[in-house]
file upload.txt (compact mmCIF, C-alpha atoms)
# COMPACT_ATOMS: atom_id res chain seq x y z
CA PHE A 1311 196.26 -27.39 130.11
CA LEU A 1312 196.67 -31.03 131.20
CA LEU A 1313 197.71 -33.32 128.33
CA ASN A 1314 196.22 -30.69 125.96
CA ARG A 1315 192.92 -30.72 127.86
CA PRO A 1316 191.84 -27.15 128.72
CA ILE A 1317 191.10 -26.70 132.43
CA GLU A 1318 189.78 -23.41 133.78
CA TRP A 1319 189.30 -22.29 137.38
CA THR A 1320 186.30 -20.01 137.84
CA PRO A 1321 184.44 -18.59 140.88
CA ALA A 1322 181.77 -21.26 140.31
CA GLY A 1323 184.26 -24.14 140.16
CA VAL A 1324 186.36 -25.86 137.50
CA THR A 1325 185.60 -26.54 133.82
CA TYR A 1326 187.26 -29.39 131.96
CA GLU A 1327 187.05 -30.42 128.32
CA ALA A 1328 188.58 -32.83 125.85
CA ASP A 1329 191.39 -31.93 123.47
CA GLN A 1330 189.53 -30.24 120.61
CA ARG A 1331 192.40 -30.97 118.24
CA HIS A 1332 191.17 -34.55 117.83
CA VAL A 1333 187.80 -33.30 116.59
CA GLU A 1334 189.53 -31.11 114.00
CA ILE A 1335 191.67 -34.03 112.76
CA ILE A 1336 188.65 -36.37 112.52
CA ALA A 1337 186.68 -33.78 110.54
CA ARG A 1338 189.66 -33.16 108.25
CA ASP A 1339 190.35 -36.84 107.56
CA LEU A 1340 186.68 -37.58 106.79
CA GLU A 1341 186.48 -34.60 104.39
CA LEU A 1342 183.01 -33.69 105.63
CA GLY A 1343 180.74 -31.16 103.98
CA GLU A 1344 178.49 -28.61 105.65
CA LYS A 1345 175.80 -31.07 106.74
CA ILE A 1346 175.23 -31.02 110.50
CA ARG A 1347 174.19 -33.78 112.88
CA ASN A 1348 172.83 -33.49 116.42
CA THR A 1349 173.23 -37.19 117.29
CA PRO A 1350 176.49 -39.19 117.10
CA PHE A 1351 174.88 -42.44 115.91
CA PRO A 1352 171.86 -43.28 113.74
CA TYR A 1353 168.75 -43.57 115.88
CA GLU A 1354 167.75 -46.58 113.77
CA ARG A 1355 169.80 -49.65 114.62
CA VAL A 1356 171.59 -51.72 112.01
CA GLY A 1357 168.54 -53.39 110.47
CA ALA A 1358 167.86 -56.94 109.37
CA ALA A 1359 168.34 -55.96 105.72
CA GLU A 1360 171.96 -54.94 106.27
CA ILE A 1361 172.60 -57.98 108.45
CA GLN A 1362 171.31 -60.35 105.77
CA ASN A 1363 172.93 -58.42 102.91
CA PRO A 1364 176.06 -56.75 104.31
CA THR A 1365 177.45 -53.77 102.48
CA GLU A 1366 180.79 -54.04 100.70
CA GLU A 1367 183.86 -54.37 102.89
CA LEU A 1368 186.28 -51.43 102.92
CA GLN A 1369 189.61 -52.02 101.21
CA GLY A 1370 193.12 -50.62 101.34
CA ARG A 1371 193.60 -47.03 102.43
CA GLN A 1372 189.94 -46.49 103.32
CA ALA A 1373 189.95 -49.44 105.74
CA THR A 1374 193.17 -48.16 107.32
CA LEU A 1375 191.71 -44.67 107.60
CA TYR A 1376 188.57 -46.07 109.25
CA ARG A 1377 190.63 -47.80 111.94
CA SER A 1378 192.77 -44.72 112.50
CA ILE A 1379 189.79 -42.39 112.94
CA VAL A 1380 187.90 -44.79 115.21
CA ALA A 1381 191.00 -45.23 117.37
CA ARG A 1382 191.28 -41.44 117.69
CA ALA A 1383 187.57 -41.18 118.52
CA ASN A 1384 188.00 -43.90 121.13
CA TYR A 1385 190.66 -41.80 122.86
CA LEU A 1386 188.40 -38.74 122.62
CA SER A 1387 185.46 -40.64 124.15
CA ILE A 1388 187.34 -40.93 127.46
CA ASP A 1389 186.41 -37.27 128.03
CA ARG A 1390 183.14 -37.21 126.05
CA SER A 1391 180.42 -39.53 127.30
CA ASP A 1392 178.08 -38.29 124.56
CA ILE A 1393 180.00 -40.34 121.95
CA ARG A 1394 180.82 -43.37 124.11
CA TYR A 1395 178.10 -45.62 122.67
CA ALA A 1396 178.74 -44.58 119.06
CA VAL A 1397 182.48 -45.22 119.34
CA LYS A 1398 181.86 -48.57 120.99
CA GLU A 1399 179.67 -49.69 118.12
CA LEU A 1400 182.13 -48.46 115.49
CA SER A 1401 184.99 -50.22 117.28
CA ARG A 1402 183.23 -53.57 116.91
CA SER A 1403 183.91 -53.40 113.15
CA MET A 1404 187.63 -52.61 113.35
CA SER A 1405 188.69 -55.96 111.88
CA LYS A 1406 186.37 -55.84 108.84
CA PRO A 1407 184.76 -52.41 108.40
CA SER A 1408 182.12 -52.05 105.71
CA GLN A 1409 180.61 -49.23 103.67
CA GLY A 1410 177.75 -49.14 106.18
CA ASP A 1411 180.25 -48.65 109.01
CA TRP A 1412 181.89 -45.84 107.02
CA GLY A 1413 178.55 -44.07 106.75
CA ARG A 1414 178.05 -44.35 110.51
CA LEU A 1415 181.56 -43.03 111.09
CA GLN A 1416 180.75 -40.02 108.92
CA ARG A 1417 177.64 -39.48 111.06
CA LEU A 1418 179.88 -39.33 114.15
CA GLY A 1419 182.26 -36.96 112.37
CA ARG A 1420 179.44 -34.57 111.43
CA TYR A 1421 178.18 -34.64 115.02
CA LEU A 1422 181.64 -33.76 116.33
CA LYS A 1423 181.97 -31.01 113.75
CA THR A 1424 178.59 -29.63 114.86
CA HIS A 1425 179.51 -29.92 118.55
CA PRO A 1426 183.33 -29.67 118.65
CA ARG A 1427 183.51 -28.76 122.34
CA LEU A 1428 181.89 -30.47 125.30
CA VAL A 1429 182.71 -28.81 128.60
CA GLN A 1430 182.28 -30.60 131.92
CA LYS A 1431 181.40 -28.35 134.84
CA ILE A 1432 182.84 -29.29 138.23
CA SER A 1433 181.10 -27.04 140.73
CA HIS A 1434 181.87 -26.53 144.41
CA GLN A 1435 180.07 -29.08 146.55
CA PRO A 1436 180.00 -30.36 150.15
CA ASN A 1437 182.26 -33.25 151.07
CA THR A 1438 180.81 -36.67 150.33
CA LYS A 1439 181.77 -40.14 151.50
CA VAL A 1440 179.98 -42.07 148.74
CA ILE A 1441 181.02 -43.27 145.29
CA ASP A 1442 177.83 -43.58 143.22
CA VAL A 1443 177.79 -46.13 140.41
CA TRP A 1444 174.97 -45.67 137.89
CA VAL A 1445 174.42 -48.73 135.67
CA ASP A 1446 172.01 -49.53 132.86
CA THR A 1447 171.74 -52.17 130.14
CA ASP A 1448 170.13 -52.46 126.72
CA PHE A 1449 169.00 -56.10 126.76
CA ALA A 1450 169.80 -58.00 123.52
CA GLY A 1451 170.25 -54.69 121.73
CA CYS A 1452 172.54 -56.07 119.02
CA LEU A 1453 170.27 -57.59 116.37
CA LYS A 1454 173.18 -59.53 114.88
CA THR A 1455 174.60 -61.26 117.99
CA ARG A 1456 171.75 -60.62 120.46
CA LYS A 1457 174.29 -59.47 123.01
CA SER A 1458 173.47 -56.69 125.47
CA THR A 1459 175.24 -53.38 126.01
CA SER A 1460 176.40 -52.33 129.46
CA GLY A 1461 176.66 -48.65 130.28
CA GLY A 1462 177.86 -47.00 133.45
CA VAL A 1463 178.72 -43.71 135.10
CA ILE A 1464 180.70 -43.23 138.31
CA THR A 1465 180.06 -40.01 140.20
CA ILE A 1466 181.37 -38.48 143.40
CA GLY A 1467 178.70 -36.10 144.52
CA GLY A 1468 177.56 -34.29 141.38
CA HIS A 1469 180.82 -34.86 139.50
CA VAL A 1470 181.28 -37.53 136.83
CA VAL A 1471 184.67 -39.20 137.20
CA LYS A 1472 184.32 -42.18 134.80
CA THR A 1473 181.98 -43.56 132.13
CA TRP A 1474 181.88 -46.72 130.02
CA SER A 1475 179.87 -48.42 127.29
CA ALA A 1476 180.67 -52.03 126.43
CA THR A 1477 179.12 -55.03 124.72
CA GLN A 1478 178.68 -57.90 127.16
CA SER A 1479 180.77 -60.98 126.39
CA VAL A 1480 177.95 -63.45 127.10
CA ILE A 1481 174.40 -63.63 125.79
CA ALA A 1482 172.05 -62.88 128.68
CA LEU A 1483 168.78 -64.82 128.76
CA SER A 1484 166.77 -62.08 130.47
CA SER A 1485 166.88 -58.36 131.06
CA GLY A 1486 167.42 -58.94 134.79
CA GLU A 1487 170.45 -61.11 134.08
CA ALA A 1488 171.90 -58.53 131.68
CA GLU A 1489 171.38 -55.75 134.24
CA TYR A 1490 173.02 -57.86 136.96
CA TYR A 1491 176.12 -58.42 134.79
CA ASP A 1492 176.40 -54.64 134.43
CA MET A 1493 176.09 -54.23 138.19
CA VAL A 1494 179.01 -56.62 138.61
CA LYS A 1495 181.07 -54.63 136.11
CA GLY A 1496 180.19 -51.34 137.77
CA ALA A 1497 181.01 -52.66 141.22
CA SER A 1498 184.42 -53.96 140.09
CA ILE A 1499 185.32 -50.58 138.57
CA ALA A 1500 184.11 -48.76 141.69
CA LEU A 1501 186.27 -51.00 143.89
CA GLY A 1502 189.28 -49.90 141.84
CA VAL A 1503 188.34 -46.24 142.25
CA ARG A 1504 187.88 -46.71 146.00
CA SER A 1505 191.26 -48.42 146.28
CA MET A 1506 192.94 -45.52 144.48
CA LEU A 1507 191.24 -43.02 146.79
CA ARG A 1508 192.36 -44.99 149.84
CA ASP A 1509 195.94 -44.66 148.62
CA LEU A 1510 195.34 -40.90 148.77
CA GLY A 1511 193.99 -41.13 152.32
CA VAL A 1512 190.29 -40.83 151.37
CA ASN A 1513 187.88 -43.53 152.56
CA MET A 1514 184.57 -43.81 150.70
CA ASN A 1515 181.61 -46.17 150.48
CA ILE A 1516 180.14 -47.60 147.26
CA ARG A 1517 176.51 -47.24 146.24
CA LEU A 1518 175.16 -49.05 143.16
CA ARG A 1519 172.23 -47.35 141.43
CA THR A 1520 170.09 -49.41 139.05
CA ASP A 1521 166.63 -49.03 137.55
CA ALA A 1522 166.11 -52.82 137.32
CA SER A 1523 164.22 -54.41 140.22
CA ALA A 1524 165.08 -57.94 139.04
CA ALA A 1525 168.83 -57.22 139.01
CA LYS A 1526 168.60 -55.59 142.43
CA GLY A 1527 166.88 -58.73 143.70
CA ILE A 1528 169.66 -60.97 142.34
CA ALA A 1529 172.34 -58.80 143.93
CA THR A 1530 170.73 -58.65 147.37
CA ARG A 1531 170.03 -62.35 147.83
CA ARG A 1532 172.42 -65.27 148.29
CA GLY A 1533 172.93 -67.93 145.66
CA LEU A 1534 171.48 -68.46 142.21
CA GLY A 1535 167.84 -68.94 143.15
CA LYS A 1536 165.81 -69.81 140.06
CA ILE A 1537 168.37 -68.26 137.69
CA ARG A 1538 170.79 -71.17 137.63
CA HIS A 1539 172.54 -70.31 134.38
CA ILE A 1540 174.42 -67.28 135.78
CA GLU A 1541 178.16 -67.87 135.95
CA VAL A 1542 179.34 -68.60 139.50
CA ASN A 1543 182.18 -66.07 139.15
CA GLN A 1544 179.55 -63.32 138.98
CA LEU A 1545 178.18 -64.03 142.45
CA TRP A 1546 180.89 -62.24 144.45
CA LEU A 1547 178.75 -59.10 144.31
CA GLN A 1548 176.11 -60.82 146.46
CA GLU A 1549 178.69 -61.36 149.20
CA LYS A 1550 179.80 -57.71 149.09
CA VAL A 1551 176.20 -56.51 149.29
CA ASN A 1552 175.23 -58.85 152.14
CA ARG A 1553 178.32 -57.85 154.14
CA GLY A 1554 177.38 -54.19 153.76
CA GLU A 1555 180.45 -53.25 151.69
CA ILE A 1556 178.31 -52.18 148.73
CA GLU A 1557 174.84 -50.62 148.93
CA VAL A 1558 172.28 -51.21 146.16
CA MET A 1559 169.72 -48.51 145.40
CA LYS A 1560 166.75 -48.51 143.00
CA VAL A 1561 166.40 -45.38 140.82
CA LYS A 1562 163.90 -44.28 138.19
CA GLY A 1563 164.80 -45.04 134.60
CA GLU A 1564 164.32 -41.49 133.35
CA GLY A 1565 166.86 -40.21 135.88
CA ASN A 1566 169.50 -42.90 135.30
CA LEU A 1567 172.73 -41.22 134.16
CA ALA A 1568 173.84 -44.38 132.34
CA ASP A 1569 170.83 -44.58 130.03
CA GLY A 1570 172.53 -42.66 127.21
CA LEU A 1571 175.48 -45.08 127.19
CA THR A 1572 173.50 -48.18 126.23
CA LYS A 1573 171.65 -47.30 123.01
CA PRO A 1574 171.41 -44.70 120.23
CA LEU A 1575 169.46 -41.60 121.23
CA ASP A 1576 167.57 -38.96 119.32
CA GLY A 1577 168.47 -35.27 119.65
CA THR A 1578 166.33 -34.78 122.75
CA GLY A 1579 167.80 -37.86 124.40
CA THR A 1580 171.35 -36.75 123.63
CA GLN A 1581 170.63 -33.33 125.10
CA LYS A 1582 169.16 -34.93 128.22
CA HIS A 1583 172.24 -37.13 128.72
CA VAL A 1584 174.59 -34.17 128.40
CA LYS A 1585 172.54 -32.18 130.90
CA LEU A 1586 172.30 -35.05 133.42
CA THR A 1587 176.07 -35.51 133.37
CA ASN A 1588 176.64 -31.80 134.05
CA GLN A 1589 178.10 -31.01 130.63
CA GLU A 1590 177.31 -28.53 127.87
CA TRP A 1591 178.20 -28.07 124.21
CA GLN A 1592 180.12 -24.92 123.38
CA VAL A 1593 181.44 -23.15 120.32
CA GLY A 1594 183.56 -20.33 121.59
CA ARG A 1595 181.40 -19.11 124.47
CA HIS A 1596 178.03 -19.89 122.91
CA VAL A 1597 176.07 -22.91 124.11
CA LEU A 1598 174.51 -25.03 121.36
CA THR A 1599 171.19 -26.81 121.77
CA PRO A 1600 170.57 -29.94 119.65
CA ASP A 1601 167.29 -30.63 117.88

call {"tool": "encode", "arguments": {"input": "upload.txt", "output": "structure tokens"}}
result
Amino acid sequence: FLLNRPIEWTPAGVTYEADQRHVEIIARDLELGEKIRNTPFPYERVGAAEIQNPTEELQGRQATLYRSIVARANYLSIDRSDIRYAVKELSRSMSKPSQGDWGRLQRLGRYLKTHPRLVQKISHQPNTKVIDVWVDTDFAGCLKTRKSTSGGVITIGGHVVKTWSATQSVIALSSGEAEYYDMVKGASIALGVRSMLRDLGVNMNIRLRTDASAAKGIATRRGLGKIRHIEVNQLWLQEKVNRGEIEVMKVKGEGNLADGLTKPLDGTGTQKHVKLTNQEWQVGRHVLTPD
């Protein structure tokens, strides 16, 4: 165990999973019934009806309980990329949670109760000198603020070492701009990972993987071009790319590991994300397959 995270060495490699105790506490505090869920967040976004007529705000103990459970889920999401997007969305309502947010939190709780264990498989692999950064963006996905969501996965070989899902702080005016902002975020995180590895005596290159041709074009040229509204402090990536310090690669959207971190998925999409990131659900020793 490492910080209550079970780690097992096997002939095929190493398995690593989150502390299951947090799932048990979340399920207990939400007092969930027997209903199961195979997705952590409603596939339908928060609609215009709820935006125009918000549900009643939570009060007192229920509001405190909401914040406590979401904070615990946020800690759990460090080791579970399948709930990253859901927790990010729930965290946006921490200051004033509503009855609608409570229902979405219960959805997450039922999903965790259905899939209490998510095991990451770290198999033996040849040495690699590349840090791969997979980035994707859901342009203007928030119907309330019209802000975009950035998602990212950092891998070394076939092993996932970090994931994130975050709402962008600015309102992008195009999908290419939103994707470029995520590339900047991914590159900055990768530079930190590379610096840490250098302290350990390991030198690695950075490769950015995106499925957006427009964002790739922005990153590989110099200057603003026709997109003059991009903040100047975002252009340092162009310098890194043109000096050969960071490589940019175009990938297909269906194979982008970060896709599941930018929007709600159905059961098939959730299953695909888990498989792409080399993880599997387990109860005891039995693998579960979502709808």

call {"tool": "closest_residue", "arguments": {"input": "upload.txt", "among": "A:Gln1581, A:Ser1401, A:Asn1566, A:Gln1435", "to": "Asn1384 (chain A)", "atoms": "all atoms listed in the file"}}
result
A:Ser1401

call {"tool": "closest_residue", "arguments": {"input": "upload.txt", "among": "A:Glu1327, A:Asp1509, A:Glu1360, A:Glu1555", "to": "Asp1389 (chain A)", "atoms": "only C-alpha atoms"}}
result
A:Glu1327

call {"tool": "atom_distance", "arguments": {"input": "upload.txt", "atom1": "CA of Val1443 (chain A)", "atom2": "CA of Lys1398 (chain A)"}}
result
20.0 Å

call {"tool": "closest_residue", "arguments": {"input": "upload.txt", "among": "A:Gln1478, A:Gln1589, A:Ser1405, A:Gln1430", "to": "Arg1315 (chain A)", "atoms": "only C-alpha atoms"}}
result
A:Gln1430

call {"tool": "closest_residue", "arguments": {"input": "upload.txt", "among": "A:Ile1346, A:Ala1476, A:Ile1466, A:Leu1510", "to": "Glu1399 (chain A)", "atoms": "all atoms listed in the file"}}
result
A:Ala1476

call {"tool": "atom_distance", "arguments": {"input": "upload.txt", "atom1": "CA of Val1503 (chain A)", "atom2": "CA of Val1561 (chain A)"}}
result
22.0 Å

call {"tool": "closest_residue", "arguments": {"input": "upload.txt", "among": "A:Leu1313, A:Ile1379, A:Arg1402, A:Pro1364", "to": "Asp1339 (chain A)", "atoms": "only C-alpha atoms"}}
result
A:Ile1379

call {"tool": "residues_near_point", "arguments": {"input": "upload.txt", "point": "(169.5, -51.4, 142.8)", "cutoff": "9 Å", "atoms": "only C-alpha atoms", "output": "PyMOL selection string"}}
result
chain A and resi 1493+1517-1527+1529-1530+1557-1561

call {"tool": "write_last_selection", "arguments": {"input": "upload.txt", "atoms": "C-alpha atoms", "output": "mmCIF file, in the frame of the given file"}}
result
data_model
loop_
_atom_site.group_PDB
_atom_site.id
_atom_site.type_symbol
_atom_site.label_atom_id
_atom_site.label_comp_id
_atom_site.auth_asym_id
_atom_site.auth_seq_id
_atom_site.Cartn_x
_atom_site.Cartn_y
_atom_site.Cartn_z
ATOM 1 C CA MET A 1493 176.090 -54.230 138.190
ATOM 2 C CA ARG A 1517 176.510 -47.240 146.240
ATOM 3 C CA LEU A 1518 175.160 -49.050 143.160
ATOM 4 C CA ARG A 1519 172.230 -47.350 141.430
ATOM 5 C CA THR A 1520 170.090 -49.410 139.050
ATOM 6 C CA ASP A 1521 166.630 -49.030 137.550
ATOM 7 C CA ALA A 1522 166.110 -52.820 137.320
ATOM 8 C CA SER A 1523 164.220 -54.410 140.220
ATOM 9 C CA ALA A 1524 165.080 -57.940 139.040
ATOM 10 C CA ALA A 1525 168.830 -57.220 139.010
ATOM 11 C CA LYS A 1526 168.600 -55.590 142.430
ATOM 12 C CA GLY A 1527 166.880 -58.730 143.700
ATOM 13 C CA ALA A 1529 172.340 -58.800 143.930
ATOM 14 C CA THR A 1530 170.730 -58.650 147.370
ATOM 15 C CA GLU A 1557 174.840 -50.620 148.930
ATOM 16 C CA VAL A 1558 172.280 -51.210 146.160
ATOM 17 C CA MET A 1559 169.720 -48.510 145.400
ATOM 18 C CA LYS A 1560 166.750 -48.510 143.000
ATOM 19 C CA VAL A 1561 166.400 -45.380 140.820
#

call {"tool": "residues_near_point", "arguments": {"input": "upload.txt", "point": "(178.0, -40.5, 140.4)", "cutoff": "7 Å", "atoms": "only C-alpha atoms", "output": "number ranges by chain"}}
result
A: 1441-1444, 1463-1470

call {"tool": "residues_around", "arguments": {"input": "upload.txt", "residues": "Ala1373 (chain A)", "least_positions_apart": "6", "cutoff": "9 Å", "atoms": "all atoms listed in the file", "output": "ChimeraX atom specification"}}
result
/A:1367,1404,1406-1408,1412

call {"tool": "closest_residue", "arguments": {"input": "upload.txt", "among": "A:Leu1400, A:Val1512, A:Leu1418, A:Ile1388", "to": "Leu1342 (chain A)", "atoms": "all atoms listed in the file"}}
result
A:Leu1418

call {"tool": "atom_distance", "arguments": {"input": "upload.txt", "atom1": "CA of Gln1416 (chain A)", "atom2": "CA of Asp1576 (chain A)"}}
result
16.8 Å

call {"tool": "residues_around", "arguments": {"input": "upload.txt", "residues": "Ala1568 (chain A)", "least_positions_apart": "3", "cutoff": "12 Å", "atoms": "all atoms listed in the file", "output": "PyMOL selection string"}}
result
chain A and resi 1391-1392+1394-1395+1442-1448+1459-1465+1470+1472-1476+1489+1492-1493+1496+1518-1521+1561-1565+1571-1573+1579-1580+1582-1584+1586-1587

call {"tool": "decode", "arguments": {"input": "upload.txt", "residues": "region 1570-1580 of chain A", "atoms": "all heavy atoms", "output": "compact mmCIF listing (two decimals), in the first residue's frame"}}
result
# COMPACT_ATOMS: atom_id res chain seq x y z
N GLY A 1570 -12.49 11.72 -23.30
CA GLY A 1570 -13.41 11.46 -22.20
C GLY A 1570 -13.30 12.42 -21.04
O GLY A 1570 -14.07 12.31 -20.07
N LEU A 1571 -12.36 13.37 -21.10
CA LEU A 1571 -12.16 14.32 -20.01
C LEU A 1571 -12.74 15.69 -20.31
O LEU A 1571 -12.58 16.63 -19.53
CB LEU A 1571 -10.66 14.46 -19.72
CG LEU A 1571 -9.97 13.18 -19.25
CD1 LEU A 1571 -8.47 13.30 -19.38
CD2 LEU A 1571 -10.35 12.87 -17.81
N THR A 1572 -13.45 15.81 -21.45
CA THR A 1572 -13.95 17.12 -21.86
C THR A 1572 -15.47 17.22 -21.90
O THR A 1572 -16.00 18.32 -22.02
CB THR A 1572 -13.42 17.47 -23.26
OG1 THR A 1572 -13.92 16.50 -24.21
CG2 THR A 1572 -11.90 17.46 -23.29
N LYS A 1573 -16.17 16.11 -21.78
CA LYS A 1573 -17.64 16.15 -21.92
C LYS A 1573 -18.24 14.90 -21.29
O LYS A 1573 -17.54 13.91 -21.08
CB LYS A 1573 -18.03 16.23 -23.39
CG LYS A 1573 -17.44 15.13 -24.25
CD LYS A 1573 -17.81 15.35 -25.71
CE LYS A 1573 -17.10 14.37 -26.64
NZ LYS A 1573 -15.64 14.61 -26.69
N PRO A 1574 -19.55 14.93 -20.98
CA PRO A 1574 -20.19 13.73 -20.45
C PRO A 1574 -20.30 12.66 -21.53
O PRO A 1574 -20.56 12.97 -22.69
CB PRO A 1574 -21.58 14.23 -20.01
CG PRO A 1574 -21.81 15.45 -20.84
CD PRO A 1574 -20.47 16.08 -21.06
N LEU A 1575 -20.08 11.41 -21.16
CA LEU A 1575 -20.12 10.29 -22.09
C LEU A 1575 -21.25 9.34 -21.75
O LEU A 1575 -21.69 9.29 -20.60
CB LEU A 1575 -18.79 9.53 -22.05
CG LEU A 1575 -17.52 10.32 -22.38
CD1 LEU A 1575 -16.29 9.45 -22.13
CD2 LEU A 1575 -17.54 10.84 -23.80
N ASP A 1576 -21.70 8.59 -22.74
CA ASP A 1576 -22.63 7.51 -22.46
C ASP A 1576 -21.84 6.29 -21.98
O ASP A 1576 -20.62 6.35 -21.81
CB ASP A 1576 -23.47 7.19 -23.69
CG ASP A 1576 -22.61 6.79 -24.90
OD1 ASP A 1576 -21.40 6.57 -24.73
OD2 ASP A 1576 -23.17 6.72 -26.01
N GLY A 1577 -22.54 5.18 -21.73
CA GLY A 1577 -21.87 4.00 -21.20
C GLY A 1577 -20.78 3.48 -22.10
O GLY A 1577 -19.69 3.12 -21.64
N THR A 1578 -21.04 3.47 -23.41
CA THR A 1578 -20.04 2.99 -24.36
C THR A 1578 -18.83 3.90 -24.38
O THR A 1578 -17.68 3.44 -24.43
CB THR A 1578 -20.66 2.91 -25.78
OG1 THR A 1578 -21.78 2.03 -25.74
CG2 THR A 1578 -19.64 2.38 -26.78
N GLY A 1579 -19.07 5.21 -24.34
CA GLY A 1579 -17.96 6.16 -24.32
C GLY A 1579 -17.12 6.05 -23.06
O GLY A 1579 -15.89 6.15 -23.11
N THR A 1580 -17.78 5.84 -21.92
CA THR A 1580 -17.05 5.67 -20.67
C THR A 1580 -16.19 4.42 -20.72
O THR A 1580 -15.03 4.42 -20.30
CB THR A 1580 -18.03 5.59 -19.48
OG1 THR A 1580 -18.85 6.76 -19.44
CG2 THR A 1580 -17.29 5.46 -18.16
